[in-house]
Amino acid sequence: MPGIQGPVPVPLQAGDRDLTQEILDTLSEKPETQTNNDFADVPQTQIKAALDRLSSRSMIMYDTSVGEQVQLTDEGNTIVTEGSHEYKVWSAIKEHGKVSMKELPKLVGPDSAKVGQGAAFKNKWIKKDGDNLILVAEDVEDVTSQALKKLKGTVVEDAKDKTIADYRKRKLITLQKIISYTAKKGEKYQREMPVEVTDLTADMLLSGDWKTANFKPYNFNALGTDQHPGALHPLNKVRAEFRTLFFNQGFVEMPTSRYVDSGFWNFDALFVPQQHPARDMQDTFFISDPSKASKPGPDPETDAQMEEMEAGSRRLYAPPSGESRQTKPRDYDAYWNNIKEVHQNGAFGSIGYRYPWSEDECLRLVLRTHTTAVSTWVLHRLAEDPRPARYFSIDRVFRNETVDATHLAEFHQVEGVIADFGLTLGGLMRFLEDFYSKMGITNLRFKPAYNPYTEPSMEIFGYHIGLAKWVEIGNSGMFRPEMLEPMGLPKDLRVYGFGLSLERPTMIKYGVSNIRELLGHKCDLGFIGGNAAVRLEKH
């Protein structure tokens with residue numbers, strides 16, 4: 001017939017075998033075929049492909065059954081051929097009349113002596129006579145060997161059967177999942193596959209052959225080829241949700257590319273004393289080469305990034321046309337001296353910590369322990385032109401912590417900063433209630449806390465409907481004057497700060513109980529590719 005790509009069947013072969021034809025031939029001789037008996041040597045994937053091909057044409061019908069087949073271990077096979085451990089012990093004693101307990105391992109082997117002796121006692125085949133073992137039963141039946149011989153290759157329906165469970169516990173057998181099929185003739189059964197047309201051509205339309213042609217049916221159940229596409233990590237999915245949440249509330253993202261920073265930005269500028277436990281080796285990763293940074297100064301590259309990120313916000317707060325805002329350049333030397341003074345002697349209305357402040361300790365290089373180091377740099381930049389502003393960051397931080405199911409040495413911190421005139425603690429609490437409500441967490445509770453750089457400080461707890469319990473969901477506070485005024489910010493400009501980890505909400509949303517399965521070398525690629533996008537406000 002014109003236009004035919006080729007007659008069907010194209011043999012579905014296993015080696016030199018045409019499986020589709022063999023199945024049809026088998027069904028012509030008997031009403032049904034059991035694939036695990038009639039085609040035991042054919043791999044399951046190949047036999048299923050042949051059955052699907054015939055079933056899609058209604059030539060056969062088939063049912064699938066799943067079972068577990070008993071496979072003997074090496075020890076189990078040895079017992080079948082040589083006898084069980086207890087039988088070997090009984091045979092050795094019967095042969096020698098009596099056997100000392102020291103000699104038994106030499107006769108039957110140490111493993112058989114250790115295992116078989118107890119089993120033979122339990123079966124009342126043997127007993128002790130001083131230091132010797134003697135017979136109790138003159139004739140015995142090796143039940144274990146016979147049972148394993150019968151079980152070998154059988155399909156069991158109940159894997160929890162007492163005998164099966166016992167032999168598995170003794171590591172004499174294993175269960176292997178097997179899939180078998182029972183095939184019967186279908187309504188369009190034929191002894192041979194019919195010729196099928198795969199293309200409808202112009203010639204067939206002109207001649208009318210298409211009316212009687214046997215077209216190959218479409219298999220709408222066939223799966224397409226797996227494309228193995230890339231996938232966002234669950235942390236990146238949740239991070240994208242947080243970024244959208246911040247952007248919708250007028251926040252500007254901060255540049256956070258500096259994993260290594262000086263103690264000045266990470267600790268001292270935050271009014272963290274140099275004797276604070278957080279600055280010990282057991283809590284912070286210090287850089288050994290180079291070990292020391294230079295004094296704080298201009299950073300044109302990061303400034304350019306921040307300028308680009310903040311362009312939209314500057315337009316929002318731009319003065320009326322024709323007016324210009326007064327700005328002052330950053331004085332890094334004055335800032336350095338102010339930080340030293342507020343720590344060592346006290347300044348800006350504070351008595352400080354009153355200890356000998358060390359320049360070397362201040363300039364030690366560390367892996368940043370929090371993204372607040374970036375917030376400090378941005379707030380110092382804000383002192384050029386003090387105004388209302390909102391900033392956020394989401395990036396990696398590092399702590400020298402013991403790794404367990406809920407802690408890693410590196411994790412991601414979500415942080416928000418709001419600067420404005422006349423801010424109050426009540427305003428912070430109201431903002432946090434609104435912010436967390438967009439994540440599906442309502443009815444917040446606030447607990448007083450301590451942070452060196454915020455006062456007052458609060459831990460945030462929320463009742464999570466999905467988990468049906470109270471969970472700690474973040475930390476917050478108002479930045480201290482000892483941190484803000486040395487930067488050159490006016491006294492009446494106050495700043496909220498709040499933060500939480502990125503991992504905790506991700507673990508909650510995706511049902512992960514061990515953080516090591518979410519981040520690191522134990523993370524399953526199937527878990528990454530198989531999880532849908534997340535919606536923070538959905539439970």
# chains A, B, ... in the order shown; residues from 1 in each chain; ligands from 1
$ residues_around --residues "segment 80-94 of chain A" --least-positions-apart "5" --cutoff "12 Å" --atoms "only C-alpha atoms" --output "PyMOL selection string"
chain A and resi 72-75+99-101+103-128+132-152+170+172-173
$ closest_residue --among "A:Tyr353, A:Tyr218, A:Phe267, A:Tyr189" --to "Gln21 of chain A" --atoms "only C-alpha atoms"
A:Tyr189
$ select_by_dssp --residues "segment 210-445 of chain A" --states "helix (DSSP H, G or I)" --output "PyMOL selection string"
chain A and resi 210-211+234-248+263-266+268-270+277-279+300-309+311-316+332-344+359-362+372-382+425-437
$ select_by_dssp --residues "segment 234-388 of chain A" --states "strand (DSSP E or B)" --output "list in words"
Val252, Glu253, Val260, Asp261, Ser262, Phe286, Lys292, Arg364, Leu365, Val366 and Leu367 of chain A
$ write_last_selection --atoms "N, CA, C and O atoms" --output "short mmCIF file (atom, residue, chain, number, x, y, z; two decimals), in the first residue's frame"
data_model
loop_
_atom_site.label_atom_id
_atom_site.label_comp_id
_atom_site.auth_asym_id
_atom_site.auth_seq_id
_atom_site.Cartn_x
_atom_site.Cartn_y
_atom_site.Cartn_z
N VAL A 252 15.10 47.06 49.83
CA VAL A 252 16.17 47.04 48.85
C VAL A 252 17.17 45.96 49.27
O VAL A 252 17.55 45.87 50.44
N GLU A 253 17.58 45.14 48.30
CA GLU A 253 18.51 44.06 48.61
C GLU A 253 19.93 44.60 48.76
O GLU A 253 20.35 45.49 48.00
N VAL A 260 34.29 36.68 53.58
CA VAL A 260 35.37 36.99 54.52
C VAL A 260 35.30 38.48 54.84
O VAL A 260 35.24 39.31 53.94
N ASP A 261 35.31 38.79 56.13
CA ASP A 261 35.23 40.19 56.53
C ASP A 261 36.11 40.40 57.75
O ASP A 261 36.58 39.43 58.37
N SER A 262 36.32 41.65 58.10
CA SER A 262 37.16 41.95 59.26
C SER A 262 36.31 41.92 60.53
O SER A 262 35.09 42.06 60.51
N PHE A 286 38.37 31.78 62.02
CA PHE A 286 39.33 32.85 61.74
C PHE A 286 40.21 32.45 60.55
O PHE A 286 40.58 31.29 60.39
N LYS A 292 44.98 39.27 58.78
CA LYS A 292 44.62 40.62 59.21
C LYS A 292 44.16 41.45 58.03
O LYS A 292 44.71 41.36 56.92
N ARG A 364 41.24 41.34 62.74
CA ARG A 364 41.37 39.93 62.39
C ARG A 364 40.32 39.54 61.35
O ARG A 364 39.15 39.93 61.44
N LEU A 365 40.74 38.76 60.36
CA LEU A 365 39.83 38.32 59.31
C LEU A 365 39.05 37.09 59.77
O LEU A 365 39.62 36.16 60.36
N VAL A 366 37.75 37.09 59.49
CA VAL A 366 36.88 35.98 59.90
C VAL A 366 35.95 35.62 58.74
O VAL A 366 35.71 36.43 57.83
N LEU A 367 35.45 34.37 58.75
CA LEU A 367 34.29 34.04 57.93
C LEU A 367 33.09 34.65 58.65
O LEU A 367 32.86 34.36 59.82
#
$ atom_distance --atom1 "atom CA of Val417 of chain A" --atom2 "atom CA of Met458 of chain A"
14.8 Å
$ closest_residue --among "A:Ile47, A:Ile164, A:Val238, A:Leu24" --to "Val70 of chain A" --atoms "only C-alpha atoms"
A:Ile164
$ atom_distance --atom1 "atom CA of Val414 of chain A" --atom2 "atom CA of Phe246 of chain A"
10.4 Å
